[in-house]
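**Student:** Have a look at the structure that comes next, please.
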Amino acid sequence: MTSAPTAMTVPDTEVLRDALGLLKDREQVAERLLDSSAKHSFDPDTELDWDAPLEDGKWFWPPELVSLYDTPMWKKMSLEQQQDLSRHEAASLASLGIWFEIILMQLLVRHIYDKPVTSAHVRYALTEIADECRHSKMFARMIQRGGAPTYPVSRLNHNLARILKTVSTTPGSFACTLLGEEILDWMQRLTFPDERVQTIVRGVTRIHVVEEARHVRYAREELRRQMVTAPRWERELTRISSGEAARVFSLAFVNPEVYTNVGLDRRAALAQVEASGHRREVMQSGARRLTDFLDEIGVLRGMGRRLWRSSGLLA
């Protein structure tokens, strides 16, 4: 990420191939993404009706995606308590999303720092940063609208992210980007069409899904390129750092305070979530498209693969 500035010459135009086939030209990918951004971008402040009242009896997250779903504790909860837990978990995930997107924006700025400023690749990165700014504000507004508190990650994870933002390699940055984007994207694709869910939450997830599709494409294409061109030590570090990020991400996915705030025993709730076969299947299903991709391009090897397994995201 700190290489000297170069023109868009051989490194960016040579024919590259990996297990998935030929890599597309970096500039052509960026131009297509810029065209899509021009046609399908949203301003959440005006696109969504933030003043509409919340709807009685509706969920803030599909019940099947709530962490305690189908556990003994869940079955003893009233419908009102279940829906309140969905409200708090939606706020927890939105808080996690803001934290992650702030990290991502810094990683993208680092990525383009040495790149030609007039390239489409850099222009798309700046476009994505603008998207992420809007998403972070949108998630914050959704938390406020639902009336739940914010749920920051632990101080340890907050400070670990400081290290990540400083030392992450380029392929490591894009691997972490996909980790944060693809699992939440899978859940949001189930959320925005679900009429059981609050309209404002469905609107937020719809915008995020449409715009994140471009971000995923950009990150996937660049990670493929980096895993072909990066030196061996950098590829090995990427495998380990992405596995460690997966472990941290799975632990931070739902803040344990959500259970306390709806009147549940936090330790008992965490134990039941950990033992839940349904929850394990949800998380692995959400990660499957990503883990299949990472496996094909050589990220899930050695110690990295063992870390991914320990995270619970890889079957």
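Simple scheme: letters A, B, ... for chains in structure tokens order, numbers from 1 for residues in each chain, numbers from 1 for ligands in the order shown.
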Taking only residues of segment 66-98 of chain A that have an atom at most 9 Å from an atom of segment 42-60 of chain A, what is each one's shortest atom pair and its distance in Å to one decimal, using only C-alpha atoms, in chain and number order, as CSV?

**Tutor:**
```
residue,atom,partner,partner_atom,distance
A:Leu79,CA,A:Gly57,CA,8.9
A:Glu80,CA,A:Gly57,CA,8.0
A:Gln82,CA,A:Trp59,CA,8.6
A:Gln83,CA,A:Trp59,CA,5.3
A:Asp84,CA,A:Trp59,CA,8.0
A:Leu85,CA,A:Phe60,CA,8.7
A:Ser86,CA,A:Phe60,CA,5.3
A:Arg87,CA,A:Phe60,CA,4.9
A:His88,CA,A:Phe60,CA,8.3
A:Glu89,CA,A:Phe60,CA,8.3
A:Ala90,CA,A:Phe60,CA,6.2
A:Ala91,CA,A:Phe60,CA,8.9
```

**Student:** Which neighbours of Arg214 of chain A fall inside 12 Å, counting only C-alpha atoms, when residues of the same chain fewer than 6 positions from it are skipped, and could you give them as a list in words?

**Tutor:**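 Contacts, in chain order: Val29, Ala30, Glu31, Arg32, Leu33, Leu34, Asp35, Ser36, Ser37, Ala38, Lys39, His40, Ser41, Tyr124, Ala125, Thr127, Glu128, Ile129, Asp131, Glu132, Leu178, Glu181, Glu182, Asp185, Ile207, His208, Arg220 and Glu221 of chain A.
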
**Student:** I need the chosen residues saved as a compact mmCIF listing (two decimals), in the first residue's frame, with N, CA, C and O atoms.

**Tutor:**
```txt
# COMPACT_ATOMS: atom_id res chain seq x y z
N VAL A 29 -13.13 -2.21 -15.33
CA VAL A 29 -14.01 -2.51 -14.18
C VAL A 29 -14.45 -1.22 -13.51
O VAL A 29 -15.64 -1.02 -13.22
N ALA A 30 -13.52 -0.33 -13.26
CA ALA A 30 -13.85 0.93 -12.59
C ALA A 30 -14.81 1.77 -13.41
O ALA A 30 -15.74 2.38 -12.85
N GLU A 31 -14.63 1.82 -14.72
CA GLU A 31 -15.53 2.61 -15.56
C GLU A 31 -16.95 2.06 -15.48
O GLU A 31 -17.93 2.84 -15.41
N ARG A 32 -17.10 0.74 -15.51
CA ARG A 32 -18.45 0.16 -15.40
C ARG A 32 -19.08 0.48 -14.05
O ARG A 32 -20.27 0.77 -13.95
N LEU A 33 -18.28 0.42 -13.00
CA LEU A 33 -18.80 0.71 -11.67
C LEU A 33 -19.17 2.19 -11.54
O LEU A 33 -20.16 2.53 -10.88
N LEU A 34 -18.41 3.06 -12.17
CA LEU A 34 -18.75 4.49 -12.16
C LEU A 34 -20.06 4.73 -12.90
O LEU A 34 -20.91 5.52 -12.46
N ASP A 35 -20.26 4.03 -14.03
CA ASP A 35 -21.52 4.16 -14.76
C ASP A 35 -22.69 3.70 -13.90
O ASP A 35 -23.75 4.35 -13.85
N SER A 36 -22.51 2.57 -13.22
CA SER A 36 -23.57 2.05 -12.36
C SER A 36 -23.84 3.00 -11.20
O SER A 36 -25.01 3.23 -10.83
N SER A 37 -22.80 3.60 -10.65
CA SER A 37 -22.97 4.56 -9.55
C SER A 37 -23.79 5.76 -10.01
O SER A 37 -24.62 6.28 -9.25
N ALA A 38 -23.54 6.21 -11.23
CA ALA A 38 -24.27 7.37 -11.75
C ALA A 38 -25.76 7.07 -11.90
O ALA A 38 -26.60 7.95 -11.75
N LYS A 39 -26.08 5.81 -12.18
CA LYS A 39 -27.48 5.43 -12.42
C LYS A 39 -28.20 4.97 -11.16
O LYS A 39 -29.42 5.10 -11.06
N HIS A 40 -27.47 4.40 -10.21
CA HIS A 40 -28.12 3.73 -9.08
C HIS A 40 -27.49 4.13 -7.74
O HIS A 40 -26.98 3.28 -7.00
N SER A 41 -27.49 5.39 -7.44
CA SER A 41 -27.04 5.88 -6.14
C SER A 41 -28.19 6.64 -5.48
O SER A 41 -29.05 7.20 -6.16
N TYR A 124 -13.32 5.71 -8.84
CA TYR A 124 -14.34 4.84 -8.25
C TYR A 124 -14.11 4.68 -6.75
O TYR A 124 -15.07 4.67 -5.97
N ALA A 125 -12.86 4.56 -6.32
CA ALA A 125 -12.60 4.46 -4.88
C ALA A 125 -13.16 5.67 -4.14
O ALA A 125 -13.77 5.55 -3.07
N THR A 127 -15.63 7.49 -5.15
CA THR A 127 -17.08 7.34 -5.21
C THR A 127 -17.57 6.40 -4.12
O THR A 127 -18.59 6.65 -3.45
N GLU A 128 -16.84 5.31 -3.92
CA GLU A 128 -17.21 4.36 -2.87
C GLU A 128 -17.08 5.00 -1.49
O GLU A 128 -17.92 4.76 -0.61
N ILE A 129 -16.05 5.78 -1.29
CA ILE A 129 -15.91 6.47 0.00
C ILE A 129 -17.11 7.37 0.26
O ILE A 129 -17.65 7.43 1.38
N ASP A 131 -20.11 6.89 -0.93
CA ASP A 131 -21.20 5.97 -0.60
C ASP A 131 -21.15 5.59 0.88
O ASP A 131 -22.17 5.58 1.58
N GLU A 132 -19.94 5.23 1.34
CA GLU A 132 -19.81 4.77 2.72
C GLU A 132 -20.10 5.88 3.73
O GLU A 132 -20.63 5.62 4.81
N LEU A 178 -14.30 -7.46 2.22
CA LEU A 178 -15.30 -8.44 1.82
C LEU A 178 -15.92 -9.14 3.02
O LEU A 178 -17.12 -9.44 3.03
N GLU A 181 -18.53 -6.81 4.33
CA GLU A 181 -19.62 -6.47 3.42
C GLU A 181 -20.51 -7.65 3.08
O GLU A 181 -21.74 -7.52 3.03
N GLU A 182 -19.92 -8.82 2.84
CA GLU A 182 -20.71 -9.88 2.23
C GLU A 182 -21.67 -10.57 3.19
O GLU A 182 -22.77 -10.97 2.79
N ASP A 185 -24.49 -8.21 3.77
CA ASP A 185 -25.23 -8.10 2.52
C ASP A 185 -26.20 -9.28 2.37
O ASP A 185 -27.36 -9.11 1.96
N ILE A 207 -31.29 0.22 0.08
CA ILE A 207 -30.26 1.13 -0.42
C ILE A 207 -28.88 0.51 -0.26
O ILE A 207 -28.04 0.53 -1.17
N HIS A 208 -28.64 -0.07 0.91
CA HIS A 208 -27.32 -0.63 1.18
C HIS A 208 -27.00 -1.79 0.25
O HIS A 208 -25.88 -1.90 -0.26
N ARG A 220 -13.56 -7.57 -4.82
CA ARG A 220 -13.24 -8.90 -5.34
C ARG A 220 -12.23 -8.82 -6.48
O ARG A 220 -11.26 -9.59 -6.52
N GLU A 221 -12.46 -7.91 -7.41
CA GLU A 221 -11.55 -7.79 -8.55
C GLU A 221 -10.15 -7.39 -8.08
O GLU A 221 -9.14 -7.91 -8.57
```

**Student:** Work out how far apart atom CA of Leu96 of chain A and atom CA of Pro256 of chain A are and give it in Å to one decimal.

**Tutor:**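 According to the coordinates, atom CA of Leu96 of chain A and atom CA of Pro256 of chain A are separated by 12.7 Å.
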
**Student:** So that I can check the surroundings of Thr177 of chain A, please list as a compact mmCIF listing (two decimals) with all heavy atoms, in the first residue's frame every protein, DNA and RNA residue that reaches within 10 Å of it, counting only C-alpha atoms and ignoring chain neighbours fewer than 5 positions away.

**Tutor:**
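Dumped to selection-v6.txt:
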```txt
# COMPACT_ATOMS: atom_id res chain seq x y z
N PHE A 100 -17.19 -0.50 11.01
CA PHE A 100 -16.49 -1.14 9.92
C PHE A 100 -16.31 -0.20 8.73
O PHE A 100 -15.24 -0.15 8.12
CB PHE A 100 -17.25 -2.39 9.49
CG PHE A 100 -16.63 -3.05 8.31
CD1 PHE A 100 -15.50 -3.84 8.45
CD2 PHE A 100 -17.14 -2.87 7.03
CE1 PHE A 100 -14.88 -4.42 7.36
CE2 PHE A 100 -16.53 -3.44 5.93
CZ PHE A 100 -15.40 -4.22 6.10
N GLU A 101 -17.34 0.58 8.41
CA GLU A 101 -17.24 1.44 7.23
C GLU A 101 -16.26 2.58 7.45
O GLU A 101 -15.60 3.03 6.51
CB GLU A 101 -18.63 1.95 6.84
CG GLU A 101 -19.47 0.82 6.24
CD GLU A 101 -20.83 1.26 5.77
OE1 GLU A 101 -21.34 2.27 6.27
OE2 GLU A 101 -21.40 0.56 4.90
N ILE A 103 -13.52 2.21 9.15
CA ILE A 103 -12.25 1.53 8.88
C ILE A 103 -12.04 1.41 7.37
O ILE A 103 -10.96 1.71 6.85
CB ILE A 103 -12.23 0.14 9.53
CG1 ILE A 103 -12.29 0.25 11.05
CG2 ILE A 103 -10.99 -0.65 9.10
CD1 ILE A 103 -12.53 -1.07 11.75
N LEU A 104 -13.07 0.96 6.67
CA LEU A 104 -12.97 0.76 5.23
C LEU A 104 -12.60 2.04 4.50
O LEU A 104 -11.76 2.03 3.60
CB LEU A 104 -14.30 0.21 4.69
CG LEU A 104 -14.45 0.14 3.18
CD1 LEU A 104 -13.36 -0.71 2.55
CD2 LEU A 104 -15.83 -0.41 2.81
N MET A 105 -13.21 3.15 4.89
CA MET A 105 -12.90 4.41 4.22
C MET A 105 -11.42 4.75 4.36
O MET A 105 -10.78 5.21 3.41
CB MET A 105 -13.79 5.53 4.77
CG MET A 105 -15.22 5.47 4.29
SD MET A 105 -16.21 6.89 4.82
CE MET A 105 -16.81 6.35 6.42
N LEU A 107 -8.96 2.58 4.82
CA LEU A 107 -8.20 1.63 4.01
C LEU A 107 -8.24 2.01 2.53
O LEU A 107 -7.24 1.88 1.82
CB LEU A 107 -8.75 0.21 4.21
CG LEU A 107 -8.54 -0.40 5.60
CD1 LEU A 107 -9.24 -1.75 5.69
CD2 LEU A 107 -7.06 -0.54 5.93
N LEU A 108 -9.39 2.48 2.06
CA LEU A 108 -9.49 2.89 0.67
C LEU A 108 -8.62 4.11 0.38
O LEU A 108 -7.97 4.20 -0.67
CB LEU A 108 -10.95 3.19 0.30
CG LEU A 108 -11.84 1.98 0.04
CD1 LEU A 108 -13.30 2.41 -0.08
CD2 LEU A 108 -11.40 1.24 -1.23
N PRO A 171 -3.85 -6.56 -0.17
CA PRO A 171 -4.78 -7.69 -0.24
C PRO A 171 -5.47 -7.95 1.09
O PRO A 171 -6.65 -8.33 1.12
CB PRO A 171 -3.88 -8.86 -0.65
CG PRO A 171 -2.49 -8.43 -0.34
CD PRO A 171 -2.48 -6.95 -0.52
N GLY A 172 -4.78 -7.72 2.20
CA GLY A 172 -5.41 -7.89 3.51
C GLY A 172 -6.56 -6.93 3.70
O GLY A 172 -7.61 -7.28 4.25
N GLU A 182 -19.92 -8.82 2.84
CA GLU A 182 -20.71 -9.88 2.23
C GLU A 182 -21.67 -10.57 3.19
O GLU A 182 -22.77 -10.97 2.79
CB GLU A 182 -19.79 -10.89 1.54
CG GLU A 182 -19.04 -10.27 0.36
CD GLU A 182 -18.81 -11.25 -0.78
OE1 GLU A 182 -19.62 -12.17 -0.96
OE2 GLU A 182 -17.81 -11.08 -1.49
N HIS A 215 -19.48 -2.22 -4.41
CA HIS A 215 -18.31 -2.26 -3.53
C HIS A 215 -17.72 -3.67 -3.49
O HIS A 215 -16.50 -3.85 -3.48
CB HIS A 215 -18.69 -1.83 -2.11
CG HIS A 215 -19.30 -0.47 -2.05
ND1 HIS A 215 -19.77 0.08 -0.87
CD2 HIS A 215 -19.52 0.47 -3.01
CE1 HIS A 215 -20.26 1.29 -1.12
NE2 HIS A 215 -20.12 1.54 -2.41
N VAL A 216 -18.60 -4.68 -3.46
CA VAL A 216 -18.14 -6.06 -3.45
C VAL A 216 -17.40 -6.39 -4.75
O VAL A 216 -16.34 -7.03 -4.74
CB VAL A 216 -19.32 -7.02 -3.22
CG1 VAL A 216 -18.92 -8.47 -3.50
CG2 VAL A 216 -19.85 -6.89 -1.78
N ALA A 219 -13.93 -4.79 -4.67
CA ALA A 219 -13.02 -5.46 -3.74
C ALA A 219 -12.62 -6.84 -4.25
O ALA A 219 -11.46 -7.25 -4.13
CB ALA A 219 -13.69 -5.58 -2.36
N ARG A 220 -13.56 -7.57 -4.82
CA ARG A 220 -13.24 -8.90 -5.34
C ARG A 220 -12.23 -8.82 -6.48
O ARG A 220 -11.26 -9.59 -6.52
CB ARG A 220 -14.51 -9.61 -5.82
CG ARG A 220 -15.33 -10.23 -4.70
CD ARG A 220 -16.52 -11.00 -5.26
NE ARG A 220 -17.17 -11.77 -4.21
CZ ARG A 220 -17.48 -13.06 -4.30
NH1 ARG A 220 -17.21 -13.71 -5.42
NH2 ARG A 220 -18.07 -13.70 -3.31
N LEU A 223 -8.83 -7.84 -5.01
CA LEU A 223 -8.21 -8.91 -4.22
C LEU A 223 -7.67 -10.01 -5.14
O LEU A 223 -6.58 -10.54 -4.90
CB LEU A 223 -9.21 -9.49 -3.23
CG LEU A 223 -8.68 -10.62 -2.33
CD1 LEU A 223 -7.45 -10.18 -1.55
CD2 LEU A 223 -9.78 -11.10 -1.37
N SER A 242 -6.69 -12.14 7.50
CA SER A 242 -8.12 -12.28 7.20
C SER A 242 -8.76 -13.30 8.12
O SER A 242 -9.91 -13.14 8.54
CB SER A 242 -8.33 -12.67 5.73
OG SER A 242 -7.93 -14.01 5.49
```

**Student:** Please determine, counting only C-alpha atoms, which residue among A:Met142, A:Val299, A:Ala213, A:Leu179 has the shortest atom-to-atom distance to Val201 of chain A.

**Tutor:**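 Closest to Val201 of chain A, using only C-alpha atoms: A:Met142.
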
**Student:** Near Glu296 of chain A, within 10 Å and counting only C-alpha atoms, which residues show up once chain neighbours fewer than 2 positions away are dropped, as a PyMOL selection string?

**Tutor:** chain A and resi 18-20+224+290-294+298-300

**Student:** Find the spatial neighbours of Val167 of chain A, counting only C-alpha atoms, within a cut-off of 12 Å - ignore same-chain residues fewer than 4 positions away - and output them as JSON, numbers by chain.

**Tutor:** {"A": [1, 2, 106, 107, 110, 111, 160, 161, 162, 163, 171, 172, 173, 234, 237, 238, 241]}

**Student:** Would you output that residue set with C-alpha atoms, as a CSV table (one decimal), in the first residue's frame?

**Tutor:**
```csv
chain,number,residue,atom,x,y,z
A,1,MET,CA,0.0,0.0,0.0
A,2,THR,CA,3.0,2.3,0.2
A,106,GLN,CA,-9.4,4.8,5.7
A,107,LEU,CA,-8.2,1.6,4.0
A,110,ARG,CA,-4.5,4.4,1.9
A,111,HIS,CA,-5.0,2.2,-1.2
A,160,LEU,CA,-7.1,-3.7,17.3
A,161,ALA,CA,-8.7,-1.9,14.4
A,162,ARG,CA,-6.3,1.0,14.9
A,163,ILE,CA,-3.5,-1.5,14.2
A,171,PRO,CA,-4.8,-7.7,-0.2
A,172,GLY,CA,-5.4,-7.9,3.5
A,173,SER,CA,-7.5,-4.7,3.3
A,234,GLU,CA,2.2,-10.6,1.6
A,237,LEU,CA,0.1,-12.4,5.8
A,238,THR,CA,-3.2,-11.8,4.1
A,241,SER,CA,-4.8,-11.5,8.9
```

**Student:** Would you mind listing what lies within 10 Å of Leu251 of chain A as a list of chain:residue names, with only C-alpha atoms counted and same-chain residues fewer than 4 positions away left out?

**Tutor:** A:Val153, A:Asn157, A:Ala245, A:Ala246, A:Arg247, A:Asn255, A:Pro256, A:Ser311, A:Gly312

**Student:** Go ahead and write the selection's residues with C-alpha atoms as a short mmCIF file (atom, residue, chain, number, x, y, z; two decimals), in the first residue's frame.

**Tutor:**
```cif
data_model
loop_
_atom_site.label_atom_id
_atom_site.label_comp_id
_atom_site.auth_asym_id
_atom_site.auth_seq_id
_atom_site.Cartn_x
_atom_site.Cartn_y
_atom_site.Cartn_z
CA VAL A 153 -17.40 -2.78 19.76
CA ASN A 157 -11.45 -4.64 19.14
CA ALA A 245 -10.34 -10.62 11.25
CA ALA A 246 -12.98 -13.33 10.73
CA ARG A 247 -12.52 -14.47 14.32
CA ASN A 255 -23.01 -6.94 21.19
CA PRO A 256 -23.85 -9.00 24.33
CA SER A 311 -14.45 -18.17 13.79
CA GLY A 312 -17.43 -20.41 13.07
#
```

**Student:** When DSSP works through the backbone of this structure, what residues of segment 78-291 of chain A end up as helix (DSSP H, G or I), shown as a ChimeraX atom specification?

**Tutor:** /A:79-112,120-146,155-167,170-191,199-229,232-252,257-261,266-275,277-291

**Student:** Which residues are close to Arg206 of chain A, i.e. within 7 Å by only C-alpha atoms, leaving aside same-chain residues fewer than 4 positions away? Reply as a VMD selection string.

**Tutor:** chain A and resid 192 202 210

**Student:** Between A:Val109, A:Arg123, A:Ala148, A:Met73, which residue has the minimum interatomic distance to Ser95 of chain A, considering only C-alpha atoms?

**Tutor:**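 That would be A:Ala148, the residue with the smallest distance to Ser95 of chain A.
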
**Student:** Please, what distance in Å, to one decimal, runs between atom CA of Ile102 of chain A and atom CA of Lys137 of chain A?

**Tutor:** 10.9 Å

**Student:** Using atom CA of Leu23 of chain A and atom CA of Ala230 of chain A as the two end points, give the distance in Å to one decimal.

**Tutor:** 14.6 Å
